[in-house]
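Step one of this worksheet: look at the structure below.
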Amino acid sequence: MSTEHIRNFSIIAHIDHGKSTLADRLLEMTGTVSPLKMRAQMLDNLDLERERGITIKAHAIRMSYDAPDGRSFALNLIDTPGHVDFSYEVSRSLAACEGALLIVDAVQGIEAQTISNLYLALENDLTIIPVVNKIDLPNARVDVVTGQIVDLLGVDPDDIVLTSARDGIGVEAVLEAILDRIPPPEPDDGPLRALIFDSIFDQYRGAVPYVRVVSGEIKPGMQIRMCSNDKQFEVAETGVLRFDKAPVDALTAGEVGYLIGNIRNVADASVGDTVTDAARPCDEPLPGYREAKSMVFSGLYPATSEDYEPLKEALEKYQLNDAALVYEPETSVALGFGFRCGFLGLLHMEVVQERLEREYGLTILATMPSVEYRITTTAGEVLMVDNPADMPEASYIDAVEEPFIQAQIVVPHDYIGNIMKLTRDRRGVYKAMEYLDPTRVALQYELPLSEIVFDFYDRLKSISRGYASFDYDFLEYRTSPLVRLNLLLNGDLVDALSIIIHKDKAYEWGRELCQRLRKIIPRQMFEVAVQAAIGGRVIARESIRPLRKNVTAKCYGGDITRKRKLLERQKEGKRRMKQVGNVEVPQEAFLAVLDIRGEGAAVGG
Amino acid sequence: MAGLYVHIPFCSHACPYCDFSFELLKGGRVDELLAALDTEAERRGRESPWTDGVFETVFLGGGTPTCLTDRQLDRVFRTIHERFRVAPHAEITVEANPETVTIPKLKRLRGLGVDRISIGVQSFSRDILLKLGRRHTADRAEKAFASAREAGFRNVNLDLMFGVPGQSAADWADTLERAVALDPEHLSVYGLTIEPGTEYARLAEQGALDLPDEGRHTDLYFQALDRLSDAGFRQYEISNLAKPGFACRHNVSCWKGGDYLGLGPSAHTRMDGRRLANARGLADYLHAMDERGEATDMDETLSVDERIHEYILLSLRSVDGLDTRVFRDRYGDDAMDERDPAIHALSGEGFLAKRGSRLCLTRKGLALADSVCEYFM
């Protein structure tokens, strides 16, 4: 097909601004899928995605459209993941397009995510078609939102398309704008270069990369090479993405589709990589490739030791579809055998945990999320530490650096005070504030990543009555006065509860943690000292008083069997507890620690 | 050595703390019960292992067996002697409440071969007796004891209760003094337990019971152990003390793993590794007897682990403790060795003491016996 008749585009929107609904209408209007067959918001095909109203994986679909003037077009919609954790994936999806629809809710207006994704689109030189959606809602503020967009993009107000995707209003105008304003891809018959913007795993056919061909041609029988690792594969099939995969003879420059080549390992079909022709390789791969980088780490442990193997298998299977998840075995004195896992971000972590539990029927204990610290020892050695248990003793540490992020928060100006307080509590550095319209501001902060991995987003929502939106980008490593805070039960270290924390916050955290554990750990036969300590210095202490009476007075006849069964049941219950020294710790204790910040503002907001 | 237990589920009134299987005597189906007991005894008497055995101990519990008439009591013993062989020097115990015993009735029991009487005194404090909903007075209890002596009983137990709402250390001391002054052969001291489904449980739920906290409860327990030990009683189980030679043979046999046959509603039976229980309520029991000629509603064969657990529970509750040599003989070295860390921990914390090959609860361990047993399991 001539590139003249191809349009590759993406949709950028904040959660709930109507991206999926508009996509559905486009699919309907182009006859790609009949309304009857269409599940609501079919592009989001993970249950979890639908429940949360977010897109976790990128998707792509090709539509055929016959314009009123008689020309036939192929429209490739490349849907982007809708969350900041996946901003790299978003940027690669956008790089596969020439244009993007920027959807803004006529009630909500521009949000943090809208802005950050818009910047990504502009970095990729995309043509932006602004769309104000939900214009039929009674509280729609079309003029205000249009004004925001004009200010942000410097566009002519007439270039903004007004729609109500739900009712089909304005959808034709969107289609026209796609045809008229988004440039067709450039033809290029140089050596093959195809950008991988996503991949799926098919249990029979292996990893299936989704690609945008930038130059040259890809067809079955060819030997292709992955530029990142020089691995070669023979192409067995090429095709375009309809509702299902539809094989085609070849994919040429400008086209979007998939390829199958007996790629066993998803890591060999990495997002951002360039596919080239092994016989006639390109000089330079496409720009922008980087390896998926874990930002947040947590130990995942099975609730019972029998579930270790099932958890291992689940992680192996899961990783086939999500190369961004990294894990390795680790052992905790308190929790036994488990896995240290690295995630792209918080949402990614939650999603992985939730899917492991839901799809593999596992109960998982997750340790406190941690970021990766850069520690310079007194010997001049540099260590990357993502598990507090691995942090060396203070006397061997010269400096600790932690990752900082650049955060964008968009909020109605009434809540600026609350945001200022929250970000101050989280060691944020205020950088800039900009009014998007007379009532909404965009705030810029630099924050330690460790301060947002924990409950930041929920707090932000609650102090702004749900109005604040938030987005972030990694900034740099900075030196901070960080210490390792340990928790001890009767003098024994509970490694799974150690954290690395700013020294000014250690005392409060330690006190909260001790109090919390005092309430959760059941009284035992002996007194239990709960201590929080930095190195050898105890900074907080609580004590769990011992039981003073637990004895059955009468044990005759039937009492004997009753009592035996009761004790057996209790004993069985305790098998699910974790043993730290001589103290039995219920699993809830480990979970409750994660709730501490959720409890209130006592520690860091 | 086997024991026979007969459950007489009738009481003249309900005590608010009690969760035993009982029926009010008034209008109760006593004769039906006695007939059913005879049918059950007749059947068990023909079955192994009871048919070949001689019962060394007999225990009539309840309920309140002494609320039966003389004629009814005669009938119970006729059943026992007609259907089973009872050893010539068997220990035969009957439970009694102070208000239900008179010298003639006690003499009659002596005449039926009963040589041990267990009187539910609970307290010698008027207030505490009222709190417990008991119908007798302290004087009546003392009189019941004197009557037992008069009737010729040389082996008398008094049940006493501590941890009762509103009970002070002084109240308890007074009750212990008056019990000691009577010079019985045996004393059972029971900590009040709030059993689900009882009137006390309902009141406790409402916060209407002034119960001692666990510390005070345990203090009252130790107060009794100390005072009674001074008075020459030797503790041989968590709640039981006796003058030398007067430990209850029936219960000691049960705790040492002897077999026993239970007759009547809710009665339990032990036959080596099997545990059986009769229907709990009188109506269910009578119905089952009527329908099937027997009333078993639980019949379990214990696994090795369950036997071990039972052995741990019973042996640790006894003052002789758990004999590690016996344990190894019965259950093997592995079962013993795998408990080494637990034993070590429990000894280290002062809950268990080693006496030769035996492991015994310390005083600290007594108050937490259930926790220790569970840990040991």
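Labels used: A, B, ... for chains in the order of the structure tokens, numbers from 1 for residues in each chain, and numbers from 1 for ligands as shown.
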
For the interface of chain B with chain A (cut-off 7 Å, counting only C-alpha atoms), please tabulate each contacting residue of chain B alongside its nearest pair of atoms and their separation in Å to one decimal, rows sorted by chain and increasing number, as a Markdown table.
| residue | atom | partner | partner_atom | distance |
| --- | --- | --- | --- | --- |
| B:Tyr190 | CA | A:Ala553 | CA | 5.4 |
| B:Gly191 | CA | A:Ala553 | CA | 5.7 |
| B:Glu214 | CA | A:Lys549 | CA | 5.5 |
| B:Gly215 | CA | A:Arg548 | CA | 5.7 |
| B:Thr218 | CA | A:Lys549 | CA | 6.2 |
| B:Ser239 | CA | A:Ala553 | CA | 6.1 |
| B:His268 | CA | A:Gly558 | CA | 5.5 |
| B:His309 | CA | A:Arg564 | CA | 6.7 |
| B:Glu310 | CA | A:Arg564 | CA | 6.1 |
| B:Ala367 | CA | A:Lys549 | CA | 5.0 |
| B:Leu368 | CA | A:Asn550 | CA | 4.4 |
| B:Ala369 | CA | A:Val551 | CA | 5.0 |
| B:Asp370 | CA | A:Val551 | CA | 4.9 |
| B:Ser371 | CA | A:Asn550 | CA | 6.3 |
| B:Glu374 | CA | A:Leu567 | CA | 5.5 |

Contact residues around segment 221-223 of chain A with only C-alpha atoms at 9 Å, ignoring same-chain residues under 2 positions, as number ranges by chain: A: 218-219, 225, 232-237, 276-279

Given only C-alpha atoms as the counted atoms, nearest of B:Ala179, B:Leu24, B:Ala279, B:Val76 to Gln122 of chain B: B:Ala179

Top pick for closest residue to Pro184 of chain B, considering B:Phe246, B:Tyr311, B:Phe124, B:Tyr260 and counting only C-alpha atoms: B:Phe246

DSSP helix (DSSP H, G or I) residues within segment 331-484 of chain A, as a ChimeraX atom specification: /A:346-360,388-390,394-396,413-425,449-452,456-463

Compile the contact shell of Arg116 of chain B as an mmCIF file with N, CA and C atoms, in the first residue's frame: residues with an atom at most 7 Å away, counting only C-alpha atoms, same-chain residues fewer than 3 positions apart removed.
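Once written, part_2.cif looks like this:
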data_model
loop_
_atom_site.group_PDB
_atom_site.id
_atom_site.type_symbol
_atom_site.label_atom_id
_atom_site.label_comp_id
_atom_site.auth_asym_id
_atom_site.auth_seq_id
_atom_site.Cartn_x
_atom_site.Cartn_y
_atom_site.Cartn_z
ATOM 1 N N GLU B 91 -12.777 -48.137 93.250
ATOM 2 C CA GLU B 91 -13.119 -46.802 93.753
ATOM 3 C C GLU B 91 -14.439 -46.438 93.100
ATOM 4 N N ILE B 92 -15.457 -46.144 93.903
ATOM 5 C CA ILE B 92 -16.760 -45.783 93.342
ATOM 6 C C ILE B 92 -17.122 -44.392 93.859
ATOM 7 N N THR B 93 -17.159 -43.454 92.940
ATOM 8 C CA THR B 93 -17.382 -42.045 93.301
ATOM 9 C C THR B 93 -18.773 -41.608 92.857
ATOM 10 N N VAL B 94 -19.426 -40.808 93.680
ATOM 11 C CA VAL B 94 -20.669 -40.155 93.267
ATOM 12 C C VAL B 94 -20.522 -38.659 93.509
ATOM 13 N N PHE B 153 -18.121 -42.069 105.043
ATOM 14 C CA PHE B 153 -17.211 -41.796 103.924
ATOM 15 C C PHE B 153 -15.851 -41.367 104.463
ATOM 16 N N ASN B 155 -13.350 -40.910 102.215
ATOM 17 C CA ASN B 155 -12.688 -40.321 101.033
ATOM 18 C C ASN B 155 -13.662 -39.307 100.433
ATOM 19 N N VAL B 156 -13.470 -38.059 100.835
ATOM 20 C CA VAL B 156 -14.405 -37.020 100.413
ATOM 21 C C VAL B 156 -13.648 -35.925 99.663
#

Which of segment 472-544 of chain A fall in strand (DSSP E), as number ranges by chain: A: 472-479, 482-489, 492-493, 499-502, 528-534, 537-544

Segment 67-69 of chain A environment, 9 Å, only C-alpha atoms, sequence neighbours closer than 3 positions dropped, as a ChimeraX atom specification: /A:72-73,176,179

Å distance separating atom CA of Pro287 of chain A from atom CA of Val352 of chain A, one decimal place: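 These atoms are spaced 29.2 Å apart.
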
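With distances restricted to only C-alpha atoms, A:Thr252 is the closest residue to Ser2 of chain A from A:Thr252, A:Gln353, A:Ser91, A:Thr439.
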